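Written below as structure tokens is the structure these notes are about.
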Amino acid sequence: MRLLPSFFKFICCFTAFSATLTATLTATLSFSLLTAFSVNASDSEKVNIQAKAAWVIERDVSPINNADEKDVRGGVFYRLIDNQLKVDANGKRARFTRYVEEIVNETGLTDSSQINISFDPEYQEVIFHSLTIVRDGQRFDRTSSAKMSILNRETELKSQIYNGKLTLNILINDLRIGDTIDYSYTRYGANPVYQNIFSYAKRVSWSTPVHEQHIRVLWGKAKPLLITKRNVDPVINEQSVEGFTEYSLRIDKQVAIDEPSETPDWYDPYGIVYFSETENWQQVIDWAMPMYELTSTADSVKQIADEIMRKNSSKSAQIAAALKYTQESIRYVGLEMGLNSHMPTPPEQTIDLAYGDCKDKTLLLIAILKAMGIEAHPALVNTEITKLVKELPPRVNAFDHVIVTLIHEDKRYWLDPTLNKQEGELAHIYQPNYAYALILDSEQEALTRMETEVDQSSLHITERYIIPKYTPQEVSFDVTTVYKGDEARTKQKRILKDGLQEISKNYEVYYQSTFPSLEAVSEMSVANDENKGILTATERYRITDFWEEEEHFEADFYPNEIRSAVFKPSQVKRDAPLEFSYPNNIKFDLILEFKSDSWEFDDADFTEDNDFFVFTKTERFADDILTVSYDYKAKVDHIAQDRIEEYLEARERMRDEAYLGIIKYRINEQSEEAVVDTEDDDLVDKVLWSFGGFYALSLIFIFVAWRIESSKRPDFEGTHFYPINLSKFIILSVFTMGIFPSYWTYRTWKAIKAKEDSDIMPIARGIFTIIWFYPLFNKLKADSIERFERNRVLPTWMAVIFALLLIASTIFSSYDDGLFGTFQFLIVSLLFIPFVQYINRLNIHDTRAQKYNSKWRIRHVLLVIIIAPILILAAVASSGVLPSDEVVSENKLMNWDKKFLYRKRVLPPTEEIIYFYSDASLSIREDGNGFTKNRVFSFWVDENDKFSLQSASFDEVKSIDVEYNEKEEGNSFITITRHDDTDFLLYVSNVNGGDERFAKKLLATWEQQK
């Protein structure tokens, strides 16, 4: 990250710009952008290079050792950051900036090879001073040799914002790791819209360490300069210097700030120093108000107002209609050059242009309302830091957006004309809440708290299942979702962007993750209530395979939108608040309509009400219809860092109830007990011996057939090496599990031996293929150069990579029991393809040997038949479908197996398995042992096919005893004894030390929880 300083921008352009911007305007702006690139990129002579001004203090860089790479972020260590500003008595300003940064690694080399300095040519000028490279104690001036260009990058063009800023781009030549870059420049000028009112904020802590920082302000005005510090407390030195008051500070060895993930937008842990001459918010109001004054009402504005009043009799309807006009008839485009960054366009011009940004739309809406006799005012807001603006000092550049506020029937409304798709009467229109606003009204003198109704926006989902009497029959499934307020606006925008057909398809795929056999009966339908601002979407599906068959028929239901709202942070131990969506109102109704009278459910109620959210659940059953209603409301917009555990505990309680499982028992089915006797054992033994005998005889036949064929194999004169059809090479490589490439290598070396009449041992080189792969390449390469005078086998660098990959994959596969370790031979096969293809090309004019070697014989077909089941079994075992032979964590368990554990009440869905082991052969549902942070469990299916479970929470456990199995492979035993002296056993595999990991973690968890 390059630490180039920048002004806090006042860009009135936040969200909700119109998607109907014409292609003509887009093409014009795009052409302008391309023209700026092509014209200015070569105008390096326009870059102004001068020595720094006399008022700038030259600072020596403190000597330090080379930066430690482990402490550096982004590959750059900042030795010095120096910012010096001069503001004269009239408010004219210059800002000098100097960076001294050391390149530590390749990332830093890439990022620091270019310097980018942005400026607005309407009111700013950049004077570049010097660019020096320090290498091995010597300084090299690169000011003249670096390539300098003026670019127009327009980074916000996609958001329909054109600010006209330029970038001085400096491409540094001959830059190396270990170099130190020392460069400086000065920006002259400030946006005249600020009327020389000074405001400057400088961040002094970063996400990377900085060795030395300086801020110096030469203040030439008579009024005092106000300084505010946040998250940092450096000493501010003040002295008089040649008619100026000098304010300066120095910060040494500033450590990097680690900002946790998932923090609110307003959270800022970085240290910042603010310099401002504005004493209070009243002075900001006095500065901004004149820009929004309306001295007269244009005829075009009156016409719009008259038309609105003619169609709407009530004041509330007129306000809503005026807002809708500015939102939908004036598309969003921001031309933010110079004064236009803050100065709105006159309303009549905005009407003629039919486009504008937030300030233009705001002034137009105020003008229309004024023409209808309704008083309204602009309100400055900050859409990013929201509530944080209250804690910061008053400044003219404290805001990034402007909206409209008015009082109607003793209630204050906040209206944003840049939003769109806001339907409904005034009382139902969604009002944005940016926490605080500065109302531009002569009667205001401070920030105003934006109070809006928290239930303005909501989501109400109703899932209805019609479940027939018999399990094979298909289930009808309907979903009705009611979007209100901002939820409706956001949904409408998505429909316009993606199309109803695409959204319908996405929802179908979403529900298929739960019900794979689900199919849409019709496309999603949408109804829009424009009066109330409500959007209703209806989906209809059918499910042919609804039930999950276990011992009985089962189905699970989750209010996923609510469960997702109360999420678990990726970083639980934290020193920063956790973001939390607010306001967030979700209702979820689950309706199960049964077509048989055999169902029974008890009424139930549950409430989880805490400082973070309130969640209620009601279950009612009547007339064969079960209705489960979930209601969720967020209470806060963040979770304090010291209350995360409390929040997570509330989350677990909520998620335990945000779930419904139903079971349909099998009727009139006799479950026969499994009878195990000697006849069954004999049958199993016979089957196993039969398969074993078949495999043994097959292998003997394959070997004998190969030997017979080898003895009768003809000698093809003029054949080069060992040609074979590529498809046969690949198939045999797969079905010999990597043995055939060794055989092919042996045959090729044998041909080389015959050609060169050497005394090499081809069979040894075939066995040790990984060692002789590269030498074989060299032989083929030499042959190619001799024949064609160039290498046509494989580029040498690629052959080196292939050889290393062959060695690495062979070594790694011996330690990996997963899919890679099982199917490593596939990689081996692919590495030989260039060799096979080269040899086949050599024999293209005489294909006798290739045809002979490529012929499929009985032994080849038999080999495929007997190896295919082994490969399939290996793939299944490695994928996790079959139980692992070692201890695993939860992420190695299949989802359907985890659902089985939930349904069997082995553990609740909210608990995560730490370690698990199953001693079963085909499915973990037959046997399992494991523990979570709350409990330890063991389950099995007994000889009568009955499911048995032993479980204990850690506060019930009296002791845990471990008996390790010292054999190479086997099970260790862990005895769990409860306080009532009852006990049960866990069986844990000792493969790869899994029993020790399992036992140590189990004991540690017990010690923490007991």
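Chain identifiers are assigned as A, B, and so on, following the order in which chains appear in the structure tokens; residues are numbered from 1 within each chain, and ligands are numbered from 1 in order of appearance.
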Spatial neighbours of Pro394 of chain A, 7 Å, only C-alpha atoms, chain gap at least 4 places, as a PyMOL selection string
chain A and resi 278-281
I'd like a table as CSV: residues in segment 173-286 of chain A with an atom no more than 12 Å from segment 639-652 of chain A, each row giving the shortest atom pair and its distance in Å to one decimal, only C-alpha atoms counted, sorted by chain and rising residue number.
residue,atom,partner,partner_atom,distance
A:Pro260,CA,A:Gln641,CA,10.7
A:Glu262,CA,A:Ile639,CA,10.6
A:Thr263,CA,A:Ile639,CA,9.3
A:Pro264,CA,A:Ile639,CA,9.4
A:Tyr267,CA,A:Ala640,CA,11.3
Need the shell around Phe399 of chain A: protein/DNA/RNA residues with any atom at most 8 Å away, counting only C-alpha atoms. Skip same-chain ones fewer than 5 positions apart. Format as an MDAnalysis selection string?
chainID A and resid 10 380:383
Save the residues we just selected, N, CA and C atoms, as a PDB file, in the first residue's frame?
ATOM      1  N   PHE A  10     -14.971  15.568  -0.606  1.00  0.00           N
ATOM      2  CA  PHE A  10     -16.411  15.818  -0.487  1.00  0.00           C
ATOM      3  C   PHE A  10     -17.008  15.474  -1.841  1.00  0.00           C
ATOM      4  N   LEU A 380     -26.338  17.697   5.008  1.00  0.00           N
ATOM      5  CA  LEU A 380     -25.059  17.072   4.691  1.00  0.00           C
ATOM      6  C   LEU A 380     -24.870  15.835   5.573  1.00  0.00           C
ATOM      7  N   VAL A 381     -24.432  14.734   4.956  1.00  0.00           N
ATOM      8  CA  VAL A 381     -24.233  13.485   5.690  1.00  0.00           C
ATOM      9  C   VAL A 381     -22.938  12.837   5.225  1.00  0.00           C
ATOM     10  N   ASN A 382     -22.460  11.889   6.029  1.00  0.00           N
ATOM     11  CA  ASN A 382     -21.313  11.073   5.637  1.00  0.00           C
ATOM     12  C   ASN A 382     -21.784   9.626   5.578  1.00  0.00           C
ATOM     13  N   THR A 383     -21.826   9.083   4.368  1.00  0.00           N
ATOM     14  CA  THR A 383     -22.394   7.744   4.175  1.00  0.00           C
ATOM     15  C   THR A 383     -21.444   6.630   4.589  1.00  0.00           C
TER      16      THR A 383
END
Name all residues at most 9 Å from segment 461-476 of chain A (count only C-alpha atoms; drop same-chain ones fewer than 3 positions away) and give them as a list in words.
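The contact residues come out as Val479, Thr480, Thr481, Val482, Tyr483, Arg540, Tyr541, Arg542, Ile543, Thr544, Asp545, Phe546, Trp547, Phe553, Pro559, Glu561, Ile586, Lys587, Phe588, Asp589, Leu590, Ile591, Leu592, Glu593, Phe594, Lys595, Ser596, Asp597 and Lys664 of chain A.
Note that atom CA of Ala634 of chain A and atom CA of Phe580 of chain A are 8.2 Å apart.
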Need to verify the contact set: Asp955 of chain A, 10 Å, only C-alpha atoms, exclusion of same-chain residues closer than 3 positions in sequence. Can you return it as a list in words?
Asn934, Arg935, Ala952, Lys958, Arg978, His979, Trp1006, Glu1007, Gln1009 and Lys1010 of chain A
Calculated over only C-alpha atoms, which of the candidates A:Glu328, A:Asp233, A:Asp360, A:Asp136 has the smallest distance to Tyr274 of chain A?
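Using only C-alpha atoms, the shortest distance to Tyr274 of chain A belongs to A:Asp233.
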Neighbours of Leu109 of chain A within 7 Å (only C-alpha atoms; same-chain residues fewer than 6 positions away dropped), as a VMD selection string?
chain A and resid 103 176 to 177
Quick one: write out the picked residues with C-alpha atoms as a JSON list (two decimals), in the first residue's frame?
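So the final result, stored in out04.json, reads:
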[["chain", "number", "residue", "atom", "x", "y", "z"],
["A", 103, "ILE", "CA", 12.11, -1.99, -0.95],
["A", 176, "ARG", "CA", 16.15, -3.27, -7.24],
["A", 177, "ILE", "CA", 15.29, -5.05, -4.03]]
Sorted by chain and rising residue number, list the residues of segment 824-933 of chain A at most 8 Å from segment 693-703 of chain A (counting only C-alpha atoms), each with its closest atom pair and distance in Å to one decimal, as a tab-separated table.
residue	atom	partner	partner_atom	distance
A:Arg859	CA	A:Ile702	CA	5.0
A:His860	CA	A:Ile702	CA	7.8
A:Leu862	CA	A:Ser698	CA	7.2
A:Leu863	CA	A:Ile702	CA	7.4
A:Ile866	CA	A:Tyr695	CA	6.9
Please list as a ChimeraX atom specification every residue within 10 Å of Tyr434 of chain A, counting only C-alpha atoms and excluding residues in the same chain fewer than 6 positions away.
/A:380-387,389,414,449-452
Under the rule that only C-alpha atoms are counted, which of A:Asp603, A:Lys70, A:Lys898, A:Leu907 is the nearest residue to Arg925 of chain A?
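Of all the options, A:Lys898 lies closest to Arg925 of chain A.
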I'd like to know which of A:Leu419, A:Ile495, A:Ile251, A:Ile197 is closest to Pro209 of chain A, using only C-alpha atoms.
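Using only C-alpha atoms, Pro209 of chain A sits closest to A:Ile251.
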Using DSSP on the backbone coordinates, identify all residues within segment 70-196 of chain A classified as alpha helix (DSSP H); present the result as JSON, numbers by chain.
{"A": [106, 107, 108, 109, 110, 111, 112]}
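Of the listed residues (A:Asp961, A:Asp455, A:Asp82, A:Asp174), A:Asp961 comes nearest to Ile976 of chain A; the distances count only C-alpha atoms.
When only C-alpha atoms are used to measure the gap to Asp268 of chain A, the shortest distance among A:Thr350, A:Thr536, A:Asn231, A:Thr490 belongs to A:Asn231.
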To one decimal place in Å, what is the distance between atom CA of Asn778 of chain A and atom CA of Ser758 of chain A?
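We find that atom CA of Asn778 of chain A and atom CA of Ser758 of chain A lie 15.9 Å from each other.
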One number please: atom CA of Asp486 of chain A to atom CA of Ser457 of chain A, in Å, one decimal.
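If I compute the distance from atom CA of Asp486 of chain A to atom CA of Ser457 of chain A, I get 5.4 Å.
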Secondary structure check, strand (DSSP E) residues of segment 162-280 of chain A, as a PyMOL selection string:
chain A and resi 162+166-171+180-188+199-203+210-219+226-230+237-241+244-254+272-276
